$ cat final-v1.cif   # mmCIF, C-alpha atoms and all ligand atoms
data_model
loop_
_atom_site.group_PDB
_atom_site.id
_atom_site.type_symbol
_atom_site.label_atom_id
_atom_site.label_comp_id
_atom_site.auth_asym_id
_atom_site.auth_seq_id
_atom_site.Cartn_x
_atom_site.Cartn_y
_atom_site.Cartn_z
ATOM 1 C CA MET A 18 84.556 63.808 42.570
ATOM 2 C CA ARG A 19 83.169 67.214 43.544
ATOM 3 C CA ILE A 20 82.902 67.970 47.262
ATOM 4 C CA PRO A 21 79.392 69.291 48.012
ATOM 5 C CA PHE A 22 79.377 72.908 49.136
ATOM 6 C CA TRP A 23 77.452 72.136 52.321
ATOM 7 C CA LEU A 24 80.084 69.599 53.339
ATOM 8 C CA VAL A 25 82.795 72.289 53.253
ATOM 9 C CA TRP A 26 80.773 74.455 55.643
ATOM 10 C CA ALA A 27 79.965 71.490 57.837
ATOM 11 C CA TRP A 28 83.710 71.015 58.368
ATOM 12 C CA PHE A 29 84.010 74.569 59.766
ATOM 13 C CA LEU A 30 80.949 74.196 61.966
ATOM 14 C CA VAL A 31 81.943 70.973 63.725
ATOM 15 C CA PRO A 32 82.751 71.724 67.411
ATOM 16 C CA ARG A 33 86.389 71.069 68.253
ATOM 17 C CA PRO A 34 88.444 70.656 71.412
ATOM 18 C CA PRO A 35 90.115 73.834 72.681
ATOM 19 C CA THR A 36 93.554 72.802 71.484
ATOM 20 C CA PHE A 37 92.348 73.298 67.919
ATOM 21 C CA ALA A 38 93.089 76.609 66.248
ATOM 22 C CA PRO A 39 90.099 78.603 64.942
ATOM 23 C CA PHE A 40 88.179 76.719 62.243
ATOM 24 C CA GLY A 41 90.186 73.587 62.868
ATOM 25 C CA LEU A 42 92.622 74.444 60.093
ATOM 26 C CA TRP A 43 95.655 73.910 62.331
ATOM 27 C CA PRO A 44 95.829 70.249 63.340
ATOM 28 C CA THR A 45 96.901 69.530 66.907
ATOM 29 C CA TRP A 46 99.859 67.445 65.814
ATOM 30 C CA LEU A 47 101.441 70.658 64.432
ATOM 31 C CA TRP A 48 101.512 72.222 67.903
ATOM 32 C CA PRO A 49 104.731 71.933 69.864
ATOM 33 C CA PRO A 50 104.447 69.338 72.655
ATOM 34 C CA PRO A 51 103.739 70.708 76.147
ATOM 35 C CA SER A 52 106.883 71.582 78.126
ATOM 36 C CA PRO A 53 107.732 69.440 81.163
ATOM 37 C CA GLY A 54 105.499 70.584 83.997
ATOM 38 C CA MET A 55 102.908 72.032 81.613
ATOM 39 C CA SER A 56 99.508 70.371 81.635
ATOM 40 C CA GLU A 57 98.330 68.569 78.512
ATOM 41 C CA ASP A 58 95.794 71.264 77.551
ATOM 42 C CA ARG A 59 98.338 74.079 78.239
ATOM 43 C CA CYS A 60 95.881 75.875 80.542
ATOM 44 C CA VAL A 61 96.958 76.614 84.117
ATOM 45 C CA GLN A 62 94.859 75.978 87.191
ATOM 46 C CA PRO A 63 94.902 78.503 90.066
ATOM 47 C CA GLU A 64 97.608 77.829 92.658
ATOM 48 C CA ASN A 65 98.759 79.804 95.671
ATOM 49 C CA ARG A 66 102.531 80.132 95.623
ATOM 50 C CA ARG A 67 103.685 83.798 95.855
ATOM 51 C CA TYR A 68 107.090 85.388 95.392
ATOM 52 C CA ALA A 69 106.796 88.972 96.681
ATOM 53 C CA ASP A 70 107.417 90.026 100.276
ATOM 54 C CA PRO A 71 104.148 89.362 102.165
ATOM 55 C CA LEU A 72 104.462 92.823 103.763
ATOM 56 C CA ASP A 73 104.316 94.453 100.329
ATOM 57 C CA TYR A 74 100.722 93.293 99.943
ATOM 58 C CA MET A 75 99.610 95.193 103.045
ATOM 59 C CA PRO A 76 98.581 98.847 102.651
ATOM 60 C CA GLY A 77 100.875 100.984 104.764
ATOM 61 C CA THR A 78 103.636 98.405 105.126
ATOM 62 C CA GLY A 79 105.126 98.505 101.627
ATOM 63 C CA THR A 80 108.905 98.212 101.628
ATOM 64 C CA GLY A 81 109.565 99.911 98.279
ATOM 65 C CA PRO A 82 111.305 103.303 98.043
ATOM 66 C CA PRO A 83 109.022 106.322 98.657
ATOM 67 C CA VAL A 84 107.653 108.216 95.669
ATOM 68 C CA ILE A 85 107.552 112.007 95.743
ATOM 69 C CA LEU A 86 104.170 113.703 95.528
ATOM 70 C CA ILE A 87 103.889 116.735 93.252
ATOM 71 C CA GLY A 88 101.079 118.825 91.787
ATOM 72 C CA TYR A 89 98.787 119.418 94.756
ATOM 73 C CA TRP A 90 97.643 123.028 95.001
ATOM 74 C CA GLU A 91 96.292 125.195 97.773
ATOM 75 C CA SER A 92 92.552 125.894 98.007
ATOM 76 C CA ASP A 93 90.183 127.062 100.736
ATOM 77 C CA MET A 94 89.459 123.411 101.484
ATOM 78 C CA GLU A 95 93.081 122.316 101.230
ATOM 79 C CA PRO A 96 95.456 124.854 102.750
ATOM 80 C CA GLY A 97 99.139 124.107 103.104
ATOM 81 C CA TRP A 98 99.931 123.202 99.495
ATOM 82 C CA PRO A 99 101.787 125.574 97.144
ATOM 83 C CA ARG A 100 99.750 128.283 95.401
ATOM 84 C CA VAL A 101 99.304 127.346 91.724
ATOM 85 C CA THR A 102 99.661 130.915 90.488
ATOM 86 C CA ASP A 103 103.197 130.974 91.927
ATOM 87 C CA PHE A 104 104.107 128.222 89.446
ATOM 88 C CA VAL A 105 102.867 129.852 86.226
ATOM 89 C CA ASP A 106 105.787 130.465 83.845
ATOM 90 C CA GLU A 107 104.718 132.444 80.802
ATOM 91 C CA LEU A 108 108.212 132.301 79.291
ATOM 92 C CA TRP A 109 108.388 128.503 79.273
ATOM 93 C CA ASP A 110 109.288 126.935 75.928
ATOM 94 C CA GLU A 111 106.168 125.539 74.288
ATOM 95 C CA THR A 112 107.757 122.343 72.997
ATOM 96 C CA GLU A 113 109.099 121.440 76.424
ATOM 97 C CA ARG A 114 105.718 122.265 77.934
ATOM 98 C CA HIS A 115 103.934 119.882 75.548
ATOM 99 C CA VAL A 116 106.404 117.079 76.244
ATOM 100 C CA VAL A 117 105.914 117.528 79.990
ATOM 101 C CA ALA A 118 102.110 117.680 79.653
ATOM 102 C CA SER A 119 102.043 114.533 77.508
ATOM 103 C CA TYR A 120 104.244 112.727 80.011
ATOM 104 C CA LEU A 121 101.963 113.728 82.877
ATOM 105 C CA GLU A 122 98.958 112.373 80.958
ATOM 106 C CA GLN A 123 100.577 108.939 81.030
ATOM 107 C CA GLY A 124 101.825 106.873 83.920
ATOM 108 C CA PHE A 125 100.556 104.058 86.067
ATOM 109 C CA ILE A 126 97.355 104.766 88.057
ATOM 110 C CA PRO A 127 97.880 103.430 91.608
ATOM 111 C CA TRP A 128 94.525 104.630 92.964
ATOM 112 C CA VAL A 129 91.582 106.909 92.280
ATOM 113 C CA GLN A 130 90.116 109.531 94.619
ATOM 114 C CA ALA A 131 86.459 109.523 95.628
ATOM 115 C CA GLY A 132 85.582 112.767 93.850
ATOM 116 C CA PRO A 133 87.026 114.983 91.138
ATOM 117 C CA SER A 134 89.572 117.697 91.762
ATOM 118 C CA TRP A 135 88.663 121.177 90.537
ATOM 119 C CA CYS A 136 91.029 123.326 88.526
ATOM 120 C CA ARG A 137 92.192 126.125 90.835
ATOM 121 C CA ILE A 138 92.441 128.487 87.849
ATOM 122 C CA CYS A 139 89.421 127.856 85.561
ATOM 123 C CA GLY A 140 87.141 125.815 87.854
ATOM 124 C CA LYS A 141 86.805 122.853 85.502
ATOM 125 C CA ALA A 142 86.477 119.315 86.904
ATOM 126 C CA ASN A 143 89.991 118.048 86.599
ATOM 127 C CA GLY A 144 90.291 114.319 87.100
ATOM 128 C CA THR A 145 90.058 111.873 89.978
ATOM 129 C CA ALA A 146 93.059 109.601 89.511
ATOM 130 C CA GLU A 147 96.647 109.759 90.645
ATOM 131 C CA ARG A 148 99.429 108.813 88.261
ATOM 132 C CA THR A 149 102.973 107.714 88.936
ATOM 133 C CA ASP A 150 106.123 106.819 87.061
ATOM 134 C CA GLY A 151 107.666 105.175 90.115
ATOM 135 C CA VAL A 152 109.679 108.280 91.056
ATOM 136 C CA TYR A 153 107.001 110.970 91.290
ATOM 137 C CA ILE A 154 103.268 110.705 91.907
ATOM 138 C CA TRP A 155 100.879 113.414 90.723
ATOM 139 C CA PRO A 156 97.147 114.018 90.250
ATOM 140 C CA GLU A 157 96.181 113.357 86.649
ATOM 141 C CA GLY A 158 94.809 116.915 86.420
ATOM 142 C CA LEU A 159 98.350 118.297 86.655
ATOM 143 C CA ALA A 160 98.639 117.871 82.888
ATOM 144 C CA HIS A 161 95.705 120.272 82.444
ATOM 145 C CA TYR A 162 97.463 122.986 84.485
ATOM 146 C CA VAL A 163 100.596 122.556 82.397
ATOM 147 C CA ARG A 164 98.883 122.423 79.013
ATOM 148 C CA GLU A 165 96.164 125.029 79.504
ATOM 149 C CA HIS A 166 97.519 127.433 82.094
ATOM 150 C CA GLY A 167 101.309 127.358 81.674
ATOM 151 C CA VAL A 168 101.893 125.949 85.145
ATOM 152 C CA ARG A 169 105.487 124.736 85.267
ATOM 153 C CA PRO A 170 106.761 122.030 87.617
ATOM 154 C CA PRO A 171 110.087 122.680 89.365
ATOM 155 C CA VAL A 172 113.269 122.375 87.292
ATOM 156 C CA GLY A 173 114.282 119.021 88.824
ATOM 157 C CA VAL A 174 110.950 117.490 87.853
ATOM 158 C CA ILE A 175 111.234 118.785 84.284
ATOM 159 C CA ARG A 176 114.738 117.351 83.869
ATOM 160 C CA HIS A 177 113.558 114.001 85.166
ATOM 161 C CA ILE A 178 110.580 113.998 82.785
ATOM 162 C CA ILE A 179 112.586 115.038 79.731
ATOM 163 C CA SER A 180 115.223 112.379 80.387
ATOM 164 C CA ARG A 181 112.485 109.747 80.648
ATOM 165 C CA ALA A 182 110.433 111.051 77.712
ATOM 166 C CA ALA A 183 113.512 111.033 75.469
ATOM 167 C CA MET A 184 114.299 107.397 76.221
ATOM 168 C CA HIS A 185 116.088 105.799 73.281
ATOM 169 C CA PRO A 186 116.329 102.123 72.287
ATOM 170 C CA GLU A 187 120.081 102.277 72.972
ATOM 171 C CA GLN A 188 119.292 102.893 76.636
ATOM 172 C CA VAL A 189 117.422 99.617 76.891
ATOM 173 C CA ASP A 190 119.258 96.796 78.663
ATOM 174 C CA MET A 191 118.794 93.958 76.171
ATOM 175 C CA ASP A 192 120.928 91.459 78.092
ATOM 176 C CA TRP A 193 119.086 90.698 81.315
ATOM 177 C CA TRP A 194 116.039 89.175 79.654
ATOM 178 C CA ARG A 195 118.101 86.942 77.366
ATOM 179 C CA THR A 196 119.395 84.982 80.339
ATOM 180 C CA ALA A 197 116.333 85.345 82.597
ATOM 181 C CA THR A 198 114.870 82.264 84.311
ATOM 182 C CA LEU A 199 111.869 81.748 86.600
ATOM 183 C CA ASP A 200 114.110 82.535 89.584
ATOM 184 C CA SER A 201 115.829 85.666 88.195
HETATM 185 ZN ZN ZN A 301 91.935 124.942 84.287
#

$ encode --input "final-v1.cif" --output "structure tokens" --more "lines below"
Ligand SMILES: [Zn+2]
Amino acid sequence: MRIPFWLVWAWFLVPRPPTFAPFGLWPTWLWPPPSPGMSEDRCVQPENRRYADPLDYMPGTGTGPPVILIGYWESDMEPGWPRVTDFVDELWDETERHVVASYLEQGFIPWVQAGPSWCRICGKANGTAERTDGVYIWPEGLAHYVREHGVRPPVGVIRHIISRAAMHPEQVDMDWWRTATLDS
């Protein structure tokens, strides 16, 4: 007996419960059973148990190690920072400069400033966000100074960046996660 064409499409169009895979091609009995403690539909409901130090949620009371700010430059409005022209290094190796600039373009953004910063050298609008790798924190526009104007961070910062940028799979600790539990 031939199955009518419309019946095939009707099968795909029938609404299904959320535990069905797309198009209903994956029957629910092929799914693994829910783990103990997991609800039948495998979706979690909001709860309120927290695991971090309550103080760490409060601005100004964080208990983590301090991060070092770099890349702020002196201007008429902001005296007291280093002068950017004192940090231009025209003899800096181009490859290292590109690695450092690329690194500075990445990083976690912890917060964003209200208005853009202006490049102290060419006047271009130069970003509003801060970026951090957990050790240093810098304005995202620092990458522009490095890439376009040959501004070089201090030697210690470069060595830190290169050691991070050259991270190799052999440096990854593969063991901790294998034995991790909810309470690790
Ligand atoms: Zn510029």

$ closest_atom_pairs --input "final-v1.cif" --of "chain A" --to "ligand ZN 301 (chain A)" --cutoff "12 Å" --atoms "only C-alpha atoms and all ligand atoms" --output "CSV"
residue,atom,partner,partner_atom,distance
A:Val101,CA,A:ZN301,ZN,10.7
A:Thr102,CA,A:ZN301,ZN,11.6
A:Ser134,CA,A:ZN301,ZN,10.7
A:Trp135,CA,A:ZN301,ZN,8.0
A:Cys136,CA,A:ZN301,ZN,4.6
A:Arg137,CA,A:ZN301,ZN,6.7
A:Ile138,CA,A:ZN301,ZN,5.1
A:Cys139,CA,A:ZN301,ZN,4.1
A:Gly140,CA,A:ZN301,ZN,6.0
A:Lys141,CA,A:ZN301,ZN,5.7
A:Ala142,CA,A:ZN301,ZN,8.3
A:Asn143,CA,A:ZN301,ZN,7.5
A:Gly144,CA,A:ZN301,ZN,11.1
A:Gly158,CA,A:ZN301,ZN,8.8
A:Leu159,CA,A:ZN301,ZN,9.5
A:Ala160,CA,A:ZN301,ZN,9.8
A:His161,CA,A:ZN301,ZN,6.3
A:Tyr162,CA,A:ZN301,ZN,5.9
A:Val163,CA,A:ZN301,ZN,9.2
A:Arg164,CA,A:ZN301,ZN,9.1
A:Glu165,CA,A:ZN301,ZN,6.4
A:His166,CA,A:ZN301,ZN,6.5
A:Gly167,CA,A:ZN301,ZN,10.0
A:Val168,CA,A:ZN301,ZN,10.0

$ write_last_selection --input "final-v1.cif" --atoms "C-alpha atoms" --output "mmCIF file, keeping the file's coordinate frame"
data_model
loop_
_atom_site.group_PDB
_atom_site.id
_atom_site.type_symbol
_atom_site.label_atom_id
_atom_site.label_comp_id
_atom_site.auth_asym_id
_atom_site.auth_seq_id
_atom_site.Cartn_x
_atom_site.Cartn_y
_atom_site.Cartn_z
ATOM 1 C CA VAL A 101 99.304 127.346 91.724
ATOM 2 C CA THR A 102 99.661 130.915 90.488
ATOM 3 C CA SER A 134 89.572 117.697 91.762
ATOM 4 C CA TRP A 135 88.663 121.177 90.537
ATOM 5 C CA CYS A 136 91.029 123.326 88.526
ATOM 6 C CA ARG A 137 92.192 126.125 90.835
ATOM 7 C CA ILE A 138 92.441 128.487 87.849
ATOM 8 C CA CYS A 139 89.421 127.856 85.561
ATOM 9 C CA GLY A 140 87.141 125.815 87.854
ATOM 10 C CA LYS A 141 86.805 122.853 85.502
ATOM 11 C CA ALA A 142 86.477 119.315 86.904
ATOM 12 C CA ASN A 143 89.991 118.048 86.599
ATOM 13 C CA GLY A 144 90.291 114.319 87.100
ATOM 14 C CA GLY A 158 94.809 116.915 86.420
ATOM 15 C CA LEU A 159 98.350 118.297 86.655
ATOM 16 C CA ALA A 160 98.639 117.871 82.888
ATOM 17 C CA HIS A 161 95.705 120.272 82.444
ATOM 18 C CA TYR A 162 97.463 122.986 84.485
ATOM 19 C CA VAL A 163 100.596 122.556 82.397
ATOM 20 C CA ARG A 164 98.883 122.423 79.013
ATOM 21 C CA GLU A 165 96.164 125.029 79.504
ATOM 22 C CA HIS A 166 97.519 127.433 82.094
ATOM 23 C CA GLY A 167 101.309 127.358 81.674
ATOM 24 C CA VAL A 168 101.893 125.949 85.145
#

$ atom_distance --input "final-v1.cif" --atom1 "CA of Thr145 in chain A" --atom2 "CA of Gln130 in chain A"
5.2 Å

$ atom_distance --input "final-v1.cif" --atom1 "CA of Val61 in chain A" --atom2 "CA of Thr198 in chain A"
18.8 Å

$ residues_around --input "final-v1.cif" --residues "Glu147 in chain A" --least-positions-apart "6" --cutoff "10 Å" --atoms "only C-alpha atoms" --output "MDAnalysis selection string"
chainID A and resid 86 124:130 154:159

$ resolve_selection --input "final-v1.cif" --expression "the PyMOL selection byres (((chain A and resi 177) around 12) and not hetatm)" --output "JSON list (two decimals) with C-alpha atoms, in the frame of the given file"
[["chain", "number", "residue", "atom", "x", "y", "z"],
["A", 116, "VAL", "CA", 106.40, 117.08, 76.24],
["A", 117, "VAL", "CA", 105.91, 117.53, 79.99],
["A", 120, "TYR", "CA", 104.24, 112.73, 80.01],
["A", 121, "LEU", "CA", 101.96, 113.73, 82.88],
["A", 150, "ASP", "CA", 106.12, 106.82, 87.06],
["A", 151, "GLY", "CA", 107.67, 105.18, 90.12],
["A", 152, "VAL", "CA", 109.68, 108.28, 91.06],
["A", 153, "TYR", "CA", 107.00, 110.97, 91.29],
["A", 170, "PRO", "CA", 106.76, 122.03, 87.62],
["A", 171, "PRO", "CA", 110.09, 122.68, 89.36],
["A", 172, "VAL", "CA", 113.27, 122.38, 87.29],
["A", 173, "GLY", "CA", 114.28, 119.02, 88.82],
["A", 174, "VAL", "CA", 110.95, 117.49, 87.85],
["A", 175, "ILE", "CA", 111.23, 118.78, 84.28],
["A", 176, "ARG", "CA", 114.74, 117.35, 83.87],
["A", 178, "ILE", "CA", 110.58, 114.00, 82.78],
["A", 179, "ILE", "CA", 112.59, 115.04, 79.73],
["A", 180, "SER", "CA", 115.22, 112.38, 80.39],
["A", 181, "ARG", "CA", 112.48, 109.75, 80.65],
["A", 182, "ALA", "CA", 110.43, 111.05, 77.71],
["A", 183, "ALA", "CA", 113.51, 111.03, 75.47],
["A", 184, "MET", "CA", 114.30, 107.40, 76.22]]

$ closest_residue --input "final-v1.cif" --among "A:Ala146, A:Met191, A:Leu30, A:Val105" --to "Gln123 in chain A" --atoms "all atoms listed in the file"
A:Ala146

$ atom_distance --input "final-v1.cif" --atom1 "CA of Trp90 in chain A" --atom2 "CA of Leu108 in chain A"
21.1 Å
